[in-house]
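A.B. asks: Next up, coords-v9.csv (CSV, C-alpha atoms).
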chain,number,residue,atom,x,y,z
C,17,MET,CA,138.1,87.6,74.1
C,18,PRO,CA,136.6,88.8,70.8
C,19,PHE,CA,135.9,92.5,70.5
C,20,GLU,CA,132.1,91.8,69.8
C,21,THR,CA,131.8,89.7,73.0
C,22,LYS,CA,133.4,92.5,75.1
C,23,LEU,CA,131.0,95.1,73.6
C,24,ALA,CA,128.0,92.8,74.2
C,25,LEU,CA,129.1,92.4,77.9
C,26,ILE,CA,129.5,96.2,78.3
C,27,ALA,CA,126.1,96.7,76.8
C,28,ALA,CA,124.6,94.1,79.1
C,29,LEU,CA,126.1,95.8,82.1
C,30,ILE,CA,124.7,99.2,81.1
C,31,GLY,CA,121.3,97.5,80.5
C,32,VAL,CA,121.3,95.9,84.0
C,33,ALA,CA,122.2,99.2,85.6
C,34,ALA,CA,119.5,101.1,83.6
C,35,LEU,CA,116.8,98.4,84.5
C,36,ALA,CA,117.8,98.6,88.2
C,37,GLY,CA,117.4,102.4,88.0
C,38,ILE,CA,114.0,102.3,86.3
C,39,TYR,CA,112.7,99.7,88.8
C,40,TRP,CA,113.9,101.9,91.7
C,41,LYS,CA,112.3,105.0,90.2
C,42,ALA,CA,109.0,103.1,89.7
C,43,GLN,CA,108.7,101.9,93.3
C,44,THR,CA,110.4,104.5,95.4
C,45,GLY,CA,108.2,106.9,97.3
C,46,ARG,CA,105.0,104.9,96.9
C,47,ALA,CA,102.6,104.3,99.7
C,48,LYS,CA,101.8,100.8,100.8
C,49,LEU,CA,98.7,100.1,102.8
C,50,VAL,CA,99.4,98.6,106.2
C,51,LYS,CA,96.6,96.2,107.3
C,52,SER,CA,96.1,96.0,111.0
C,53,GLY,CA,99.2,98.1,111.7
C,54,GLU,CA,100.6,98.4,115.2
C,55,LEU,CA,99.9,101.2,117.6
C,56,VAL,CA,103.1,103.3,117.9
C,57,ASP,CA,104.3,103.8,121.4
C,58,LEU,CA,105.4,107.4,121.9
C,59,ALA,CA,107.2,106.5,125.2
C,60,LYS,CA,109.4,104.0,123.4
C,61,LEU,CA,109.9,106.3,120.4
C,62,GLN,CA,111.3,109.2,122.5
C,63,ALA,CA,110.9,111.6,119.7
C,64,THR,CA,111.6,115.3,120.1
C,65,LYS,CA,110.2,118.2,118.1
C,66,ASN,CA,111.7,121.6,118.4
C,67,GLY,CA,113.7,120.4,121.4
C,68,LYS,CA,110.6,119.2,123.3
C,69,PRO,CA,109.5,115.5,123.7
C,70,VAL,CA,106.5,114.5,121.6
C,71,THR,CA,103.8,113.2,123.9
C,72,LYS,CA,100.7,113.4,121.7
C,73,PHE,CA,99.8,112.4,118.2
C,74,GLY,CA,98.4,114.8,115.6
C,75,ARG,CA,94.6,115.3,116.1
C,76,LYS,CA,93.7,113.5,112.8
C,77,ALA,CA,97.0,112.1,111.6
C,78,THR,CA,100.7,111.9,112.2
C,79,VAL,CA,103.5,111.4,109.7
C,80,LEU,CA,106.4,109.6,111.3
C,81,GLN,CA,109.6,110.0,109.3
C,82,PHE,CA,112.7,107.9,110.0
C,83,SER,CA,116.0,109.4,108.9
C,84,THR,CA,119.7,108.9,109.2
C,85,GLU,CA,122.8,111.2,109.2
C,86,VAL,CA,123.9,109.5,106.0
C,87,CYS,CA,120.8,110.1,103.8
C,88,SER,CA,120.7,112.1,100.7
C,89,GLN,CA,116.9,112.5,100.5
C,90,CYS,CA,115.9,112.8,104.1
C,91,LYS,CA,116.2,116.6,104.3
C,92,GLN,CA,114.0,117.3,101.3
C,93,THR,CA,111.4,114.8,102.6
C,94,ALA,CA,111.4,116.5,106.0
C,95,ARG,CA,110.9,119.9,104.3
C,96,LEU,CA,108.0,118.5,102.2
C,97,LEU,CA,106.3,117.0,105.3
C,98,SER,CA,106.7,120.1,107.4
C,99,GLU,CA,105.2,122.2,104.6
C,100,VAL,CA,102.2,119.9,104.5
C,101,GLU,CA,102.1,120.0,108.3
C,102,ALA,CA,102.1,123.9,108.3
C,103,LYS,CA,98.9,123.8,106.2
C,104,HIS,CA,96.9,121.4,108.4
C,105,GLN,CA,96.3,122.0,112.1
C,106,ASP,CA,95.3,118.4,112.6
C,107,LEU,CA,98.6,116.9,111.3
C,108,LEU,CA,101.8,116.3,113.1
C,109,HIS,CA,105.2,115.6,111.5
C,110,ILE,CA,107.7,113.8,113.6
C,111,GLU,CA,111.3,113.1,112.4
C,112,VAL,CA,113.4,110.5,114.2
C,113,ASP,CA,117.1,110.0,113.4
C,114,VAL,CA,117.7,106.2,113.7
C,115,THR,CA,121.5,106.5,113.2
C,116,ASN,CA,122.0,105.8,116.9
C,117,ARG,CA,118.6,104.2,117.5
C,118,LEU,CA,119.0,100.9,115.9
C,119,ASP,CA,116.4,99.4,118.2
C,120,LEU,CA,113.8,101.5,116.4
C,121,ALA,CA,115.2,100.7,113.0
C,122,ALA,CA,114.9,97.0,113.9
C,123,HIS,CA,111.5,97.3,115.5
C,124,PHE,CA,110.0,99.2,112.5
C,125,LYS,CA,112.0,97.2,110.0
C,126,VAL,CA,113.5,100.3,108.5
C,127,LEU,CA,115.9,99.3,105.7
C,128,GLN,CA,116.1,102.5,103.8
C,129,THR,CA,115.8,106.2,104.8
C,130,PRO,CA,113.7,108.1,104.5
C,131,THR,CA,110.9,105.7,105.5
C,132,THR,CA,107.7,107.4,106.5
C,133,LEU,CA,104.8,105.9,108.4
C,134,VAL,CA,101.3,107.4,108.2
C,135,LEU,CA,99.5,107.1,111.5
C,136,ASP,CA,95.8,107.7,112.2
C,137,SER,CA,94.5,109.8,115.2
C,138,SER,CA,95.1,107.0,117.6
C,139,GLY,CA,98.7,106.5,116.4
C,140,ARG,CA,98.0,103.3,114.5
C,141,VAL,CA,100.1,102.7,111.4
C,142,LYS,CA,98.0,103.0,108.2
C,143,ALA,CA,100.5,103.3,105.5
C,144,ARG,CA,104.2,103.0,104.9
C,145,ILE,CA,106.3,105.0,102.3
C,146,GLY,CA,109.8,103.8,101.5
C,147,GLY,CA,111.9,106.5,99.9
C,148,ALA,CA,111.2,110.1,99.2
C,149,PRO,CA,107.4,110.6,98.7
C,150,LYS,CA,105.9,112.9,96.1
C,151,PRO,CA,103.6,115.6,97.4
C,152,ALA,CA,100.6,114.0,95.7
C,153,THR,CA,101.3,110.7,97.5
C,154,VAL,CA,101.3,112.4,100.9
C,155,GLN,CA,98.1,114.3,100.1
C,156,ALA,CA,96.3,111.1,98.9
C,157,GLU,CA,97.3,109.2,102.1
C,158,LEU,CA,96.2,112.1,104.3
C,159,ALA,CA,92.9,112.4,102.5
C,160,LYS,CA,92.1,108.9,103.6
C,161,LEU,CA,92.4,110.2,107.2
C,162,GLU,CA,90.1,113.2,106.3
C,163,ILE,CA,92.9,115.8,106.1
D,5,MET,CA,121.7,115.9,116.4
D,6,THR,CA,124.7,116.2,118.8
D,7,LYS,CA,127.1,117.3,116.1
D,8,PRO,CA,126.4,120.4,114.0
D,9,THR,CA,125.3,119.7,110.5
D,10,PRO,CA,128.1,120.5,108.0
D,11,ALA,CA,127.6,123.2,105.3
D,12,GLY,CA,125.5,121.9,102.4
D,13,ILE,CA,126.9,121.1,99.0
D,14,ASP,CA,125.3,121.4,95.5
D,15,PRO,CA,123.8,117.9,94.9
D,16,ARG,CA,124.8,118.1,91.2
D,17,GLY,CA,128.5,118.0,92.3
D,18,PRO,CA,128.5,114.3,93.4
D,19,ARG,CA,126.4,113.4,90.3
D,20,PHE,CA,128.9,115.1,88.0
D,21,GLY,CA,131.7,113.2,89.7
D,22,ALA,CA,129.8,109.9,89.4
D,23,SER,CA,129.4,110.4,85.7
D,24,ILE,CA,133.1,110.6,85.2
D,25,THR,CA,133.7,107.7,87.5
D,26,SER,CA,131.1,105.5,85.7
D,27,VAL,CA,132.8,106.2,82.3
D,28,LEU,CA,136.2,105.3,83.8
D,29,LEU,CA,134.8,102.1,85.4
D,30,LEU,CA,133.2,101.1,82.1
D,31,ILE,CA,136.6,101.5,80.4
D,32,THR,CA,138.1,99.4,83.2
D,33,VAL,CA,135.6,96.6,82.7
D,34,PHE,CA,136.3,96.6,78.9
D,35,LEU,CA,140.1,96.5,79.4
D,36,GLY,CA,139.7,93.9,82.2
D,37,LEU,CA,138.0,91.4,80.0
D,38,ASP,CA,141.1,90.8,77.9
D,39,ALA,CA,144.3,89.2,79.1
D,40,ALA,CA,146.3,91.5,76.8
D,41,THR,CA,144.9,94.7,78.4
D,42,VAL,CA,144.2,93.5,82.0
D,43,ASP,CA,147.3,95.2,83.3
D,44,ALA,CA,146.1,98.6,82.0
D,45,ALA,CA,142.7,97.9,83.6
D,46,PHE,CA,144.4,97.1,86.9
D,47,TYR,CA,146.3,100.4,87.0
D,48,LEU,CA,143.2,102.3,86.0
D,49,LEU,CA,141.3,100.6,89.0
D,50,VAL,CA,144.2,101.6,91.3
D,51,ALA,CA,143.9,105.2,90.1
D,52,ILE,CA,140.1,105.1,90.6
D,53,SER,CA,140.6,103.7,94.1
D,54,ALA,CA,143.0,106.6,94.9
D,55,LEU,CA,140.3,109.0,93.8
D,56,PHE,CA,137.7,107.2,96.0
D,57,ALA,CA,140.1,107.4,98.9
D,58,ILE,CA,140.4,111.2,98.5
D,59,GLY,CA,136.6,111.5,98.5
D,60,ALA,CA,136.2,109.2,101.5
D,61,ILE,CA,138.9,111.0,103.6
D,62,PHE,CA,138.6,114.6,102.6
D,63,GLY,CA,135.1,114.8,101.2
D,64,LEU,CA,133.9,115.6,97.7
D,65,SER,CA,134.6,119.3,97.9
D,66,LYS,CA,138.3,118.6,98.0
D,67,HIS,CA,138.1,115.8,95.4
D,68,PRO,CA,139.5,116.7,92.0
D,69,TYR,CA,136.1,116.2,90.4
D,70,GLY,CA,134.6,118.4,93.0
D,71,LEU,CA,137.1,121.2,92.2
D,72,LEU,CA,136.5,120.7,88.5
D,73,PHE,CA,132.7,121.0,89.1
D,74,LYS,CA,133.2,124.1,91.2
D,75,LYS,CA,135.5,125.8,88.7
D,76,PHE,CA,134.0,124.9,85.3
D,77,VAL,CA,130.5,123.4,85.7
D,78,ARG,CA,128.7,125.2,88.5
D,79,PRO,CA,129.2,128.7,87.1
D,80,ARG,CA,127.3,127.6,84.0
D,81,LEU,CA,124.4,126.2,85.9
D,82,SER,CA,121.6,128.0,87.7
D,83,ALA,CA,121.7,128.2,91.5
D,84,PRO,CA,120.8,124.9,93.1
D,85,THR,CA,117.3,124.6,94.4
D,86,GLU,CA,118.5,123.0,97.5
D,87,LEU,CA,121.8,122.0,99.2
D,88,GLU,CA,122.7,118.5,100.2
D,89,ASP,CA,124.4,117.1,103.3
D,90,PRO,CA,128.0,116.2,102.3
D,91,ARG,CA,128.2,113.2,104.6
D,92,PRO,CA,126.1,110.7,102.4
D,93,PRO,CA,128.2,111.1,99.3
D,94,LYS,CA,131.4,111.0,101.4
D,95,PHE,CA,130.2,107.6,102.8
D,96,ALA,CA,129.4,106.4,99.3
D,97,GLN,CA,133.0,107.2,98.3
D,98,ALA,CA,134.2,104.8,101.1
D,99,VAL,CA,131.9,102.1,99.8
D,100,GLY,CA,133.3,102.7,96.3
D,101,LEU,CA,136.8,102.4,97.7
D,102,PHE,CA,135.9,99.1,99.4
D,103,VAL,CA,134.5,97.6,96.2
D,104,ALA,CA,137.5,98.8,94.1
D,105,SER,CA,140.0,97.4,96.7
D,106,VAL,CA,138.3,94.0,96.5
D,107,GLY,CA,139.0,94.1,92.7
D,108,ILE,CA,142.6,95.0,93.3
D,109,LEU,CA,143.0,92.1,95.9
D,110,LEU,CA,141.3,89.6,93.5
D,111,HIS,CA,143.6,90.6,90.7
D,112,LEU,CA,146.7,90.3,92.9
D,113,SER,CA,145.6,86.9,94.1
D,114,GLY,CA,145.4,85.8,90.5
D,115,VAL,CA,141.6,85.6,90.1
D,116,GLU,CA,140.7,85.9,86.4
D,117,PHE,CA,138.4,88.9,85.6
D,118,GLY,CA,138.7,90.0,89.2
D,119,VAL,CA,139.2,93.6,88.1
D,120,ALA,CA,136.2,93.4,85.7
D,121,TYR,CA,133.9,92.0,88.4
D,122,ALA,CA,134.7,94.7,90.9
D,123,ALA,CA,134.7,97.5,88.3
D,124,GLY,CA,131.3,96.2,87.0
D,125,ALA,CA,129.8,96.3,90.4
D,126,ALA,CA,131.1,99.7,91.1
D,127,PHE,CA,129.9,100.9,87.7
D,128,ILE,CA,126.3,99.9,88.5
D,129,ALA,CA,126.5,102.1,91.7
D,130,ALA,CA,128.1,105.0,90.0
D,131,PHE,CA,125.7,104.9,87.0
D,132,LEU,CA,122.7,104.8,89.3
D,133,ASN,CA,124.0,107.8,91.1
D,134,ALA,CA,124.8,109.7,87.9
D,135,ALA,CA,121.7,108.9,85.9
D,136,PHE,CA,119.0,108.4,88.6
D,137,ALA,CA,120.4,110.3,91.6
D,138,TYR,CA,120.2,107.0,93.5
D,139,CYS,CA,122.9,106.8,96.2
D,140,LEU,CA,123.4,103.0,96.7
D,141,GLY,CA,126.2,103.6,99.3
D,142,CYS,CA,123.8,105.8,101.3
D,143,GLN,CA,121.1,103.2,101.1
D,144,MET,CA,123.4,100.5,102.4
D,145,TYR,CA,124.4,102.6,105.4
D,146,LEU,CA,121.5,101.6,107.7
D,147,GLY,CA,121.5,98.0,106.6
D,148,LEU,CA,125.3,97.7,107.3
D,149,LYS,CA,124.9,99.4,110.6
D,150,ARG,CA,122.1,97.2,111.6
D,151,LEU,CA,124.2,94.2,110.9
D,152,GLY,CA,126.8,95.7,113.2
D,153,LEU,CA,129.5,95.7,110.5
D,154,PHE,CA,130.9,99.0,111.6
D,155,ARG,CA,130.6,101.5,114.4
D,156,ARG,CA,130.4,105.2,113.8
D,157,GLY,CA,129.8,108.3,115.8
Would it be possible to restate this file's structure as structure tokens?
C.D. replies:
Amino acid sequence: MPFETKLALIAALIGVAALAGIYWKAQTGRAKLVKSGELVDLAKLQATKNGKPVTKFGRKATVLQFSTEVCSQCKQTARLLSEVEAKHQDLLHIEVDVTNRLDLAAHFKVLQTPTTLVLDSSGRVKARIGGAPKPATVQAELAKLEI
Amino acid sequence: MTKPTPAGIDPRGPRFGASITSVLLLITVFLGLDAATVDAAFYLLVAISALFAIGAIFGLSKHPYGLLFKKFVRPRLSAPTELEDPRPPKFAQAVGLFVASVGILLHLSGVEFGVAYAAGAAFIAAFLNAAFAYCLGCQMYLGLKRLGLFRRG
């Protein structure tokens, strides 16, 4: 194979990888509106918080974060969301590890972690954030629920 | 939740390793495109696979790049703002090992450019990790598990 062809192929390979990275950066952590979202069933979720089962949604909103053991960005997302939670009384942050709850992963169609669902006061899904969200994105979604 | 979380690692460590790996994989692709140099590409891919195996079995802190990072790079950097769970990058090393092994098998069964295909695929993953901190192997974990391709824990 001529040297120039090989160089062109190498350049194309780097280009494809860079485009994939730029595309991922552009779409990750964005909030997507969920129209007529489902009502989350806490009994089915069986989430725990500080060792106690979660039986109530946040008064105005709940952020439901799905994580796995093997997730490089779940921890920082959990920290961001608990920081926001600490500032707002009416907000609840729930984190569910779906590593061994594949039923939940399938039910909520979780393909990547972290995936965060923003729920209103009744527990209805209003928005979905795939990937690690930026603080401003979280604030903007919560503002829609008057937080 | 049942197992204690292992001690965190500096997230820049895996990215440092991924940059070296992506350069090596790019060289492998280049050499793998020519019949005259394909043997060298094959041996390079075998060496890269061995390095992936060390990372997948013993974790990145015991990997040569991890040791290099700890000894020479980290002392020159400021303290990390946060530590990362070592399990995701360890899993990603296993995915890298799988892809590189496919290249080795393709080459041994006489498939032309088998080494270049596999090294090219692995390069994309390593490059995304190094340049964008995107861990493709980690992202695949849940999908693979949902497909029931492996059991763990």
A.B. asks: Any idea what the distance is between CA of Pro92 in chain D and CA of Val86 in chain C?
C.D. replies: 4.4 Å
A.B. asks: Residues within 10 Å of Glu54 in chain C, please, as a compact mmCIF listing (two decimals) with C-alpha atoms, keeping the file's coordinate frame. Count all atoms listed in the file; anything in the same chain fewer than 3 positions from it doesn't count.
C.D. replies:
# COMPACT_ATOMS: atom_id res chain seq x y z
CA VAL C 50 99.40 98.60 106.20
CA LYS C 51 96.60 96.20 107.30
CA ASP C 57 104.30 103.80 121.40
CA PHE C 124 110.00 99.20 112.50
CA LEU C 135 99.50 107.10 111.50
CA GLY C 139 98.70 106.50 116.40
CA ARG C 140 98.00 103.30 114.50
CA VAL C 141 100.10 102.70 111.40
CA LYS C 142 98.00 103.00 108.20
A.B. asks: Excluding Gly141 in chain D and its own-chain neighbours fewer than 4 positions away, which residues fall within 12 Å of it when counting all atoms listed in the file? Please give them as a list in words.
C.D. replies: Val86, Cys87, Ser88 and Gln128 of chain C; Ala60, Arg91, Pro92, Pro93, Lys94, Phe95, Ala96, Gln97, Ala98, Val99, Gly100, Leu101, Phe102, Val103, Ala126, Ile128, Ala129, Ala130, Leu132, Asn133, Ala137, Tyr145, Leu146, Gly147 and Leu148 of chain D
A.B. asks: Quick check: residues of chain C within 10 Å of chain D, all atoms listed in the file, returned as an MDAnalysis selection string.
C.D. replies: chainID C and resid 17:19 21:23 25:27 29:38 40:41 83:92 113:119 121:122 126:130 147
A.B. asks: Just to confirm, what's the straight-line distance from CA of Phe82 in chain C to CA of Phe62 in chain D in Å (one decimal)?
C.D. replies: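 So the answer is 27.8 Å.
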A.B. asks: For range 96-102 of chain C, please output as an NGL selection string all residues within 9 Å (counting only C-alpha atoms; exclusion window: fewer than 5 positions along the same chain).
C.D. replies: :C and (79 or 81 or 91 or 107-110 or 149-151 or 154-155)
A.B. asks: Work out how far CA of Ile58 in chain D is from CA of Val115 in chain D, in Å to one decimal.
C.D. replies: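 Computing it gives 27.0 Å between the two atoms.
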A.B. asks: Report as JSON, numbers by chain all protein, DNA and RNA residues lying within 8 Å of range 72-83 of chain D, evaluated on all atoms listed in the file, omitting residues in the same chain fewer than 5 positions from it.
C.D. replies: {"D": [17, 20, 21]}
A.B. asks: Which polymer residues, whether protein, DNA or RNA, lie within 10 Å of the coordinate (105.9, 104.4, 94.0) when you count all atoms listed in the file? List them as number ranges by chain, using the chain letters and numbers from the file.
C.D. replies: C: 39-48, 145-150, 153
A.B. asks: Taking all atoms listed in the file into account, which of C:Thr71, C:Ser52, C:Gln62, C:Thr78 comes nearest Asp136 in chain C?
C.D. replies: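 The closest residue to Asp136 in chain C is C:Thr78.
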A.B. asks: Here is a test: counting all atoms listed in the file, which residue of D:Leu64, D:Leu49, D:Val42, D:Pro84 is nearest to Glu116 in chain D?
C.D. replies: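 The closest residue to Glu116 in chain D is D:Val42.
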